[in-house]
$ cat run28.txt   # compact mmCIF, N, CA and C atoms
# COMPACT_ATOMS: atom_id res chain seq x y z
N MET H 1 38.16 -71.99 -44.05
CA MET H 1 37.63 -71.51 -42.77
C MET H 1 37.86 -72.58 -41.72
N ASP H 2 38.25 -72.17 -40.54
CA ASP H 2 38.55 -73.08 -39.45
C ASP H 2 37.28 -73.40 -38.67
N ASN H 3 36.79 -74.64 -38.74
CA ASN H 3 35.58 -75.05 -38.03
C ASN H 3 35.81 -75.27 -36.55
N HIS H 4 37.06 -75.39 -36.14
CA HIS H 4 37.33 -75.68 -34.74
C HIS H 4 37.01 -74.51 -33.83
N SER H 5 37.04 -73.30 -34.34
CA SER H 5 36.77 -72.15 -33.50
C SER H 5 35.28 -71.92 -33.28
N SER H 6 34.42 -72.52 -34.12
CA SER H 6 32.99 -72.30 -34.00
C SER H 6 32.36 -73.09 -32.86
N GLY H 7 32.97 -74.20 -32.47
CA GLY H 7 32.43 -75.01 -31.39
C GLY H 7 31.34 -75.95 -31.83
N THR H 8 31.02 -75.97 -33.14
CA THR H 8 29.94 -76.82 -33.62
C THR H 8 30.38 -78.25 -33.85
N ASP H 9 31.68 -78.51 -33.84
CA ASP H 9 32.15 -79.86 -34.10
C ASP H 9 32.35 -80.66 -32.82
N LYS H 10 32.08 -80.06 -31.67
CA LYS H 10 32.25 -80.76 -30.41
C LYS H 10 31.10 -81.73 -30.20
N PRO H 11 31.38 -82.89 -29.61
CA PRO H 11 30.28 -83.81 -29.32
C PRO H 11 29.30 -83.17 -28.34
N GLY H 12 28.02 -83.25 -28.67
CA GLY H 12 26.99 -82.73 -27.78
C GLY H 12 26.80 -81.23 -27.84
N ALA H 13 27.41 -80.55 -28.83
CA ALA H 13 27.31 -79.10 -28.91
C ALA H 13 25.88 -78.63 -29.14
N GLY H 14 25.06 -79.40 -29.84
CA GLY H 14 23.69 -79.01 -30.11
C GLY H 14 22.69 -79.57 -29.12
N ARG H 15 23.14 -80.34 -28.14
CA ARG H 15 22.23 -80.99 -27.20
C ARG H 15 21.43 -80.00 -26.38
N GLY H 16 21.99 -78.83 -26.10
CA GLY H 16 21.30 -77.83 -25.30
C GLY H 16 20.10 -77.23 -26.01
N LYS H 17 20.02 -77.40 -27.33
CA LYS H 17 18.91 -76.85 -28.10
C LYS H 17 17.71 -77.80 -28.15
N LEU H 18 17.87 -79.04 -27.75
CA LEU H 18 16.76 -80.00 -27.82
C LEU H 18 15.54 -79.58 -26.99
N PRO H 19 15.71 -79.07 -25.77
CA PRO H 19 14.53 -78.62 -25.04
C PRO H 19 13.76 -77.52 -25.79
N LEU H 20 14.50 -76.62 -26.45
CA LEU H 20 13.85 -75.57 -27.24
C LEU H 20 13.03 -76.17 -28.37
N MET H 21 13.59 -77.19 -29.02
CA MET H 21 12.89 -77.83 -30.13
C MET H 21 11.59 -78.48 -29.66
N PHE H 22 11.63 -79.20 -28.55
CA PHE H 22 10.43 -79.87 -28.06
C PHE H 22 9.41 -78.87 -27.51
N ALA H 23 9.86 -77.78 -26.91
CA ALA H 23 8.92 -76.74 -26.46
C ALA H 23 8.23 -76.12 -27.67
N ALA H 24 8.98 -75.89 -28.74
CA ALA H 24 8.39 -75.36 -29.97
C ALA H 24 7.40 -76.35 -30.56
N LEU H 25 7.72 -77.64 -30.51
CA LEU H 25 6.80 -78.66 -31.01
C LEU H 25 5.50 -78.70 -30.19
N ALA H 26 5.59 -78.49 -28.88
CA ALA H 26 4.38 -78.42 -28.05
C ALA H 26 3.52 -77.24 -28.48
N PHE H 27 4.16 -76.11 -28.74
CA PHE H 27 3.44 -74.92 -29.19
C PHE H 27 2.78 -75.17 -30.55
N ILE H 28 3.53 -75.79 -31.46
CA ILE H 28 3.00 -76.09 -32.79
C ILE H 28 1.85 -77.09 -32.71
N ALA H 29 1.99 -78.10 -31.86
CA ALA H 29 0.92 -79.09 -31.71
C ALA H 29 -0.36 -78.43 -31.19
N CYS H 30 -0.19 -77.40 -30.40
CA CYS H 30 -1.35 -76.70 -29.84
C CYS H 30 -1.93 -75.70 -30.85
N ASN H 31 -1.11 -74.76 -31.28
CA ASN H 31 -1.59 -73.66 -32.11
C ASN H 31 -1.43 -73.90 -33.61
N GLY H 32 -0.53 -74.76 -33.98
CA GLY H 32 -0.34 -75.06 -35.40
C GLY H 32 -1.54 -75.73 -36.01
N ALA H 33 -2.24 -76.53 -35.22
CA ALA H 33 -3.44 -77.21 -35.71
C ALA H 33 -4.51 -76.19 -36.10
N LEU H 34 -4.65 -75.15 -35.29
CA LEU H 34 -5.63 -74.10 -35.61
C LEU H 34 -5.26 -73.38 -36.90
N VAL H 35 -3.97 -73.13 -37.08
CA VAL H 35 -3.50 -72.46 -38.29
C VAL H 35 -3.77 -73.35 -39.51
N LEU H 36 -3.48 -74.65 -39.39
CA LEU H 36 -3.73 -75.57 -40.50
C LEU H 36 -5.21 -75.62 -40.87
N ILE H 37 -6.06 -75.70 -39.88
CA ILE H 37 -7.51 -75.73 -40.13
C ILE H 37 -7.95 -74.45 -40.84
N ALA H 38 -7.44 -73.31 -40.39
CA ALA H 38 -7.80 -72.03 -41.01
C ALA H 38 -7.32 -71.95 -42.45
N ILE H 39 -6.09 -72.40 -42.71
CA ILE H 39 -5.55 -72.37 -44.07
C ILE H 39 -6.36 -73.27 -44.99
N PHE H 40 -6.61 -74.50 -44.55
CA PHE H 40 -7.37 -75.42 -45.39
C PHE H 40 -8.81 -74.94 -45.58
N SER H 41 -9.40 -74.35 -44.57
CA SER H 41 -10.76 -73.82 -44.70
C SER H 41 -10.81 -72.69 -45.71
N ALA H 42 -9.78 -71.86 -45.72
CA ALA H 42 -9.73 -70.73 -46.65
C ALA H 42 -9.69 -71.19 -48.10
N ILE H 43 -9.14 -72.38 -48.35
CA ILE H 43 -9.08 -72.88 -49.73
C ILE H 43 -10.17 -73.91 -50.00
N GLY H 44 -11.10 -74.04 -49.05
CA GLY H 44 -12.26 -74.88 -49.27
C GLY H 44 -12.13 -76.34 -48.88
N ILE H 45 -11.11 -76.68 -48.13
CA ILE H 45 -10.91 -78.05 -47.68
C ILE H 45 -11.22 -78.13 -46.20
N SER H 46 -12.11 -79.04 -45.86
CA SER H 46 -12.51 -79.21 -44.47
C SER H 46 -11.71 -80.35 -43.84
N ILE H 47 -11.00 -80.05 -42.74
CA ILE H 47 -10.26 -81.09 -42.03
C ILE H 47 -10.66 -81.05 -40.56
N SER H 48 -10.49 -82.17 -39.93
CA SER H 48 -10.79 -82.28 -38.51
C SER H 48 -9.60 -82.92 -37.81
N ILE H 49 -9.23 -82.34 -36.68
CA ILE H 49 -8.12 -82.87 -35.90
C ILE H 49 -8.69 -83.44 -34.61
N ASN H 50 -8.32 -84.66 -34.31
CA ASN H 50 -8.80 -85.32 -33.10
C ASN H 50 -8.22 -84.60 -31.88
N PRO H 51 -9.07 -83.98 -31.04
CA PRO H 51 -8.56 -83.23 -29.90
C PRO H 51 -7.85 -84.10 -28.86
N HIS H 52 -8.20 -85.38 -28.81
CA HIS H 52 -7.53 -86.28 -27.86
C HIS H 52 -6.10 -86.56 -28.30
N LEU H 53 -5.92 -86.77 -29.60
CA LEU H 53 -4.55 -86.96 -30.12
C LEU H 53 -3.74 -85.68 -29.98
N GLN H 54 -4.38 -84.56 -30.17
CA GLN H 54 -3.70 -83.27 -30.02
C GLN H 54 -3.25 -83.09 -28.56
N ALA H 55 -4.11 -83.44 -27.61
CA ALA H 55 -3.76 -83.33 -26.19
C ALA H 55 -2.60 -84.26 -25.84
N VAL H 56 -2.60 -85.45 -26.41
CA VAL H 56 -1.50 -86.40 -26.18
C VAL H 56 -0.19 -85.82 -26.73
N ALA H 57 -0.24 -85.25 -27.94
CA ALA H 57 0.98 -84.69 -28.54
C ALA H 57 1.51 -83.53 -27.71
N ILE H 58 0.64 -82.64 -27.29
CA ILE H 58 1.07 -81.49 -26.47
C ILE H 58 1.68 -81.99 -25.16
N SER H 59 1.03 -82.94 -24.52
CA SER H 59 1.52 -83.48 -23.25
C SER H 59 2.86 -84.19 -23.43
N LEU H 60 2.98 -84.96 -24.48
CA LEU H 60 4.23 -85.68 -24.76
C LEU H 60 5.38 -84.70 -24.98
N PHE H 61 5.16 -83.67 -25.78
CA PHE H 61 6.22 -82.70 -26.02
C PHE H 61 6.58 -81.92 -24.75
N ALA H 62 5.60 -81.65 -23.91
CA ALA H 62 5.87 -80.97 -22.64
C ALA H 62 6.73 -81.85 -21.73
N ILE H 63 6.39 -83.13 -21.66
CA ILE H 63 7.16 -84.07 -20.82
C ILE H 63 8.57 -84.24 -21.36
N LEU H 64 8.71 -84.32 -22.68
CA LEU H 64 10.05 -84.44 -23.27
C LEU H 64 10.87 -83.19 -23.01
N THR H 65 10.25 -82.02 -23.10
CA THR H 65 10.95 -80.77 -22.78
C THR H 65 11.42 -80.80 -21.34
N LEU H 66 10.55 -81.18 -20.42
CA LEU H 66 10.91 -81.27 -19.00
C LEU H 66 12.06 -82.24 -18.79
N ALA H 67 12.01 -83.40 -19.43
CA ALA H 67 13.08 -84.39 -19.27
C ALA H 67 14.41 -83.84 -19.77
N LEU H 68 14.39 -83.11 -20.88
CA LEU H 68 15.64 -82.56 -21.42
C LEU H 68 16.16 -81.40 -20.59
N VAL H 69 15.25 -80.60 -20.03
CA VAL H 69 15.70 -79.54 -19.11
C VAL H 69 16.32 -80.17 -17.87
N PHE H 70 15.74 -81.28 -17.41
CA PHE H 70 16.31 -82.00 -16.26
C PHE H 70 17.70 -82.54 -16.61
N ARG H 71 17.84 -83.09 -17.81
CA ARG H 71 19.15 -83.60 -18.25
C ARG H 71 20.19 -82.48 -18.22
N ASP H 72 19.81 -81.30 -18.70
CA ASP H 72 20.75 -80.18 -18.70
C ASP H 72 20.98 -79.65 -17.29
N PHE H 73 19.97 -79.73 -16.43
CA PHE H 73 20.11 -79.31 -15.03
C PHE H 73 21.23 -80.10 -14.36
N ARG H 74 21.32 -81.38 -14.67
CA ARG H 74 22.35 -82.22 -14.04
C ARG H 74 23.75 -81.74 -14.39
N LYS H 75 23.89 -80.99 -15.47
CA LYS H 75 25.19 -80.44 -15.84
C LYS H 75 25.40 -79.03 -15.29
N HIS H 76 24.44 -78.13 -15.53
CA HIS H 76 24.65 -76.73 -15.14
C HIS H 76 24.14 -76.39 -13.75
N ARG H 77 23.32 -77.24 -13.13
CA ARG H 77 22.81 -77.09 -11.77
C ARG H 77 21.98 -75.83 -11.54
N GLY H 78 21.43 -75.27 -12.62
CA GLY H 78 20.53 -74.12 -12.48
C GLY H 78 19.11 -74.64 -12.23
N VAL H 79 18.60 -74.45 -11.02
CA VAL H 79 17.32 -75.02 -10.63
C VAL H 79 16.13 -74.25 -11.22
N GLY H 80 16.31 -72.98 -11.54
CA GLY H 80 15.22 -72.15 -12.06
C GLY H 80 14.52 -72.73 -13.28
N PRO H 81 15.27 -73.05 -14.35
CA PRO H 81 14.61 -73.61 -15.53
C PRO H 81 13.88 -74.92 -15.25
N LEU H 82 14.43 -75.72 -14.37
CA LEU H 82 13.82 -77.01 -14.04
C LEU H 82 12.47 -76.80 -13.33
N VAL H 83 12.44 -75.88 -12.37
CA VAL H 83 11.20 -75.60 -11.65
C VAL H 83 10.16 -75.01 -12.61
N LEU H 84 10.58 -74.08 -13.45
CA LEU H 84 9.65 -73.46 -14.40
C LEU H 84 9.11 -74.49 -15.40
N ALA H 85 9.99 -75.37 -15.90
CA ALA H 85 9.56 -76.41 -16.84
C ALA H 85 8.60 -77.39 -16.17
N ALA H 86 8.87 -77.73 -14.92
CA ALA H 86 7.99 -78.66 -14.20
C ALA H 86 6.61 -78.04 -13.98
N LEU H 87 6.58 -76.78 -13.56
CA LEU H 87 5.29 -76.10 -13.35
C LEU H 87 4.53 -75.94 -14.67
N ALA H 88 5.25 -75.57 -15.73
CA ALA H 88 4.61 -75.40 -17.03
C ALA H 88 4.06 -76.72 -17.56
N SER H 89 4.85 -77.79 -17.42
CA SER H 89 4.40 -79.11 -17.90
C SER H 89 3.18 -79.59 -17.11
N ALA H 90 3.23 -79.43 -15.80
CA ALA H 90 2.09 -79.85 -14.97
C ALA H 90 0.85 -79.04 -15.32
N THR H 91 1.01 -77.75 -15.55
CA THR H 91 -0.12 -76.90 -15.92
C THR H 91 -0.69 -77.30 -17.28
N LEU H 92 0.21 -77.56 -18.23
CA LEU H 92 -0.26 -77.98 -19.56
C LEU H 92 -1.05 -79.29 -19.48
N ILE H 93 -0.50 -80.25 -18.77
CA ILE H 93 -1.19 -81.54 -18.66
C ILE H 93 -2.51 -81.37 -17.91
N GLY H 94 -2.52 -80.52 -16.90
CA GLY H 94 -3.77 -80.24 -16.18
C GLY H 94 -4.81 -79.60 -17.08
N THR H 95 -4.38 -78.68 -17.95
CA THR H 95 -5.35 -78.05 -18.86
C THR H 95 -5.80 -79.01 -19.95
N MET H 96 -5.01 -80.01 -20.24
CA MET H 96 -5.40 -80.99 -21.26
C MET H 96 -6.41 -82.00 -20.71
N TYR H 97 -6.23 -82.41 -19.46
CA TYR H 97 -7.00 -83.55 -18.95
C TYR H 97 -7.90 -83.27 -17.76
N ILE H 98 -7.71 -82.15 -17.06
CA ILE H 98 -8.51 -81.89 -15.86
C ILE H 98 -9.51 -80.77 -16.13
N GLN H 99 -9.01 -79.56 -16.37
CA GLN H 99 -9.89 -78.41 -16.61
C GLN H 99 -9.25 -77.55 -17.69
N TYR H 100 -9.87 -77.55 -18.88
CA TYR H 100 -9.29 -76.78 -19.99
C TYR H 100 -9.49 -75.29 -19.78
N ASN H 101 -8.41 -74.54 -20.02
CA ASN H 101 -8.43 -73.09 -19.94
C ASN H 101 -7.42 -72.58 -20.96
N LYS H 102 -7.90 -71.93 -22.02
CA LYS H 102 -7.03 -71.49 -23.12
C LYS H 102 -5.97 -70.50 -22.65
N ILE H 103 -6.34 -69.58 -21.78
CA ILE H 103 -5.37 -68.59 -21.29
C ILE H 103 -4.28 -69.27 -20.48
N LEU H 104 -4.67 -70.15 -19.57
CA LEU H 104 -3.69 -70.88 -18.77
C LEU H 104 -2.80 -71.76 -19.65
N GLU H 105 -3.40 -72.38 -20.65
CA GLU H 105 -2.64 -73.20 -21.59
C GLU H 105 -1.59 -72.36 -22.32
N SER H 106 -1.99 -71.17 -22.77
CA SER H 106 -1.06 -70.29 -23.49
C SER H 106 0.08 -69.82 -22.59
N ILE H 107 -0.25 -69.47 -21.35
CA ILE H 107 0.78 -69.05 -20.39
C ILE H 107 1.75 -70.20 -20.13
N ALA H 108 1.21 -71.41 -19.97
CA ALA H 108 2.07 -72.58 -19.71
C ALA H 108 2.97 -72.87 -20.90
N LEU H 109 2.47 -72.72 -22.12
CA LEU H 109 3.30 -72.94 -23.31
C LEU H 109 4.44 -71.92 -23.36
N LEU H 110 4.12 -70.66 -23.07
CA LEU H 110 5.16 -69.63 -23.04
C LEU H 110 6.18 -69.91 -21.93
N ALA H 111 5.70 -70.33 -20.77
CA ALA H 111 6.60 -70.64 -19.65
C ALA H 111 7.49 -71.83 -19.98
N LEU H 112 6.94 -72.82 -20.67
CA LEU H 112 7.74 -73.99 -21.07
C LEU H 112 8.85 -73.57 -22.03
N PHE H 113 8.51 -72.72 -22.98
CA PHE H 113 9.52 -72.23 -23.92
C PHE H 113 10.55 -71.37 -23.19
N ALA H 114 10.10 -70.53 -22.26
CA ALA H 114 11.03 -69.70 -21.48
C ALA H 114 11.98 -70.56 -20.66
N ALA H 115 11.46 -71.64 -20.07
CA ALA H 115 12.31 -72.55 -19.29
C ALA H 115 13.36 -73.21 -20.18
N ALA H 116 12.94 -73.62 -21.38
CA ALA H 116 13.88 -74.25 -22.32
C ALA H 116 14.94 -73.25 -22.76
N LEU H 117 14.53 -72.01 -23.01
CA LEU H 117 15.48 -70.97 -23.42
C LEU H 117 16.45 -70.65 -22.29
N TRP H 118 15.95 -70.56 -21.09
CA TRP H 118 16.77 -70.29 -19.90
C TRP H 118 17.78 -71.43 -19.70
N SER H 119 17.31 -72.65 -19.81
CA SER H 119 18.19 -73.81 -19.66
C SER H 119 19.27 -73.81 -20.74
N TRP H 120 18.89 -73.46 -21.95
CA TRP H 120 19.87 -73.40 -23.05
C TRP H 120 20.95 -72.37 -22.74
N GLY H 121 20.54 -71.20 -22.22
CA GLY H 121 21.52 -70.18 -21.85
C GLY H 121 22.48 -70.67 -20.78
N LEU H 122 21.96 -71.35 -19.77
CA LEU H 122 22.81 -71.90 -18.71
C LEU H 122 23.72 -73.00 -19.27
N HIS H 123 23.18 -73.79 -20.19
CA HIS H 123 23.96 -74.86 -20.82
C HIS H 123 25.14 -74.26 -21.59
N ARG H 124 24.87 -73.19 -22.34
CA ARG H 124 25.94 -72.53 -23.11
C ARG H 124 27.00 -71.94 -22.18
N ARG H 125 26.54 -71.30 -21.10
CA ARG H 125 27.48 -70.70 -20.14
C ARG H 125 28.34 -71.79 -19.49
N HIS H 126 27.70 -72.91 -19.14
CA HIS H 126 28.43 -74.02 -18.53
C HIS H 126 29.47 -74.59 -19.48
N ARG H 127 29.09 -74.77 -20.75
CA ARG H 127 30.04 -75.30 -21.76
C ARG H 127 31.20 -74.34 -21.96
N ALA H 128 30.94 -73.03 -21.91
CA ALA H 128 32.00 -72.04 -22.09
C ALA H 128 32.98 -72.07 -20.92
N GLN H 129 32.47 -72.37 -19.72
CA GLN H 129 33.34 -72.39 -18.54
C GLN H 129 34.24 -73.62 -18.52
N ILE H 130 33.79 -74.74 -19.09
CA ILE H 130 34.62 -75.95 -19.09
C ILE H 130 35.41 -76.11 -20.37
N LYS H 131 35.33 -75.12 -21.25
CA LYS H 131 36.02 -75.16 -22.54
C LYS H 131 37.53 -75.20 -22.30
N PRO H 132 38.23 -76.12 -22.98
CA PRO H 132 39.69 -76.23 -22.78
C PRO H 132 40.47 -75.06 -23.33
$ encode --input "run28.txt" --output "structure tokens"
Amino acid sequence: MDNHSSGTDKPGAGRGKLPLMFAALAFIACNGALVLIAIFSAIGISISINPHLQAVAISLFAILTLALVFRDFRKHRGVGPLVLAALASATLIGTMYIQYNKILESIALLALFAAALWSWGLHRRHRAQIKP
């Protein structure tokens, strides 16, 4: 099988997926902890997750997602994903440290993932246009 036609051997071919990965990690840091607690509780094990460390993890992953969307913006020049990622990150950090609101937090997590997905699509389109 010819690997050259798949495009996976090009340097930086997977770089556009990094924002998606960090947006997913922000979601997991937020909601995955609840799932873990529920699973362990169901089998009789009591665990506690430090909410301050959880807030730091969510904020860190949101900032990393924003930074990677910005990195991709410099290549594809699509401003939409960057604005959406910035608003989502600011909202997430605000819900972590200023005024907690679960609904707003959930919307911001979805918006962050949508921005990463949008950026990935623009990244793929840009790579296809400059393909030799």
$ axis_aligned_box --input "run28.txt" --around "range 78-92 of chain H" --padding-each-side "8 Å" --output "JSON"
{"center_x": 10.2, "center_y": -76.0, "center_z": -15.1, "size_x": 38.5, "size_y": 23.7, "size_z": 24.9}
$ residues_near_point --input "run28.txt" --point "(22.9, -75.9, -13.0)" --cutoff "12 Å" --atoms "only C-alpha atoms" --output "ChimeraX atom specification"
/H:69-83,118-127
$ closest_atom_pairs --input "run28.txt" --of "range 55-101 of chain H" --to "range 14-36 of chain H" --cutoff "6.5 Å" --atoms "only N, CA and C atoms" --output "tab-separated table"
residue	atom	partner	partner_atom	distance
H:Ala57	C	H:Ala26	CA	5.9
H:Ile58	CA	H:Ala26	CA	4.8
H:Phe61	C	H:Phe22	C	5.0
H:Ala62	N	H:Ala26	CA	5.4
H:Leu64	C	H:Phe22	CA	6.1
H:Thr65	CA	H:Pro19	CA	4.7
H:Leu68	CA	H:Pro19	CA	5.5
H:Val69	N	H:Pro19	CA	5.4
$ write_last_selection --input "run28.txt" --atoms "N, CA and C atoms" --output "mmCIF file, in the frame of the given file"
data_model
loop_
_atom_site.group_PDB
_atom_site.id
_atom_site.type_symbol
_atom_site.label_atom_id
_atom_site.label_comp_id
_atom_site.auth_asym_id
_atom_site.auth_seq_id
_atom_site.Cartn_x
_atom_site.Cartn_y
_atom_site.Cartn_z
ATOM 1 N N ALA H 57 -0.240 -85.250 -27.940
ATOM 2 C CA ALA H 57 0.980 -84.690 -28.540
ATOM 3 C C ALA H 57 1.510 -83.530 -27.710
ATOM 4 N N ILE H 58 0.640 -82.640 -27.290
ATOM 5 C CA ILE H 58 1.070 -81.490 -26.470
ATOM 6 C C ILE H 58 1.680 -81.990 -25.160
ATOM 7 N N PHE H 61 5.160 -83.670 -25.780
ATOM 8 C CA PHE H 61 6.220 -82.700 -26.020
ATOM 9 C C PHE H 61 6.580 -81.920 -24.750
ATOM 10 N N ALA H 62 5.600 -81.650 -23.910
ATOM 11 C CA ALA H 62 5.870 -80.970 -22.640
ATOM 12 C C ALA H 62 6.730 -81.850 -21.730
ATOM 13 N N LEU H 64 8.710 -84.320 -22.680
ATOM 14 C CA LEU H 64 10.050 -84.440 -23.270
ATOM 15 C C LEU H 64 10.870 -83.190 -23.010
ATOM 16 N N THR H 65 10.250 -82.020 -23.100
ATOM 17 C CA THR H 65 10.950 -80.770 -22.780
ATOM 18 C C THR H 65 11.420 -80.800 -21.340
ATOM 19 N N LEU H 68 14.390 -83.110 -20.880
ATOM 20 C CA LEU H 68 15.640 -82.560 -21.420
ATOM 21 C C LEU H 68 16.160 -81.400 -20.590
ATOM 22 N N VAL H 69 15.250 -80.600 -20.030
ATOM 23 C CA VAL H 69 15.700 -79.540 -19.110
ATOM 24 C C VAL H 69 16.320 -80.170 -17.870
#
$ atom_distance --input "run28.txt" --atom1 "CA of Ile98 in chain H" --atom2 "atom C of Ser48 in chain H"
22.0 Å
$ atom_distance --input "run28.txt" --atom1 "atom C of Tyr100 in chain H" --atom2 "atom N of Leu87 in chain H"
17.3 Å
$ atom_distance --input "run28.txt" --atom1 "atom C of Ile93 in chain H" --atom2 "atom N of Leu110 in chain H"
13.6 Å
$ residues_around --input "run28.txt" --residues "Ala111 in chain H" --least-positions-apart "6" --cutoff "10 Å" --atoms "only C-alpha atoms" --output "JSON, numbers by chain"
{"H": [23, 81, 84, 85, 86, 87, 88, 89, 91, 105, 117]}
$ select_by_dssp --input "run28.txt" --residues "chain H" --states "alpha helix (DSSP H)" --output "MDAnalysis selection string"
chainID H and resid 18:27 33:42 51:76 79:97 102:129
$ closest_residue --input "run28.txt" --among "H:Ala67, H:Tyr97, H:Ser106, H:Ala38" --to "Ala55 in chain H" --atoms "only C-alpha atoms"
H:Tyr97
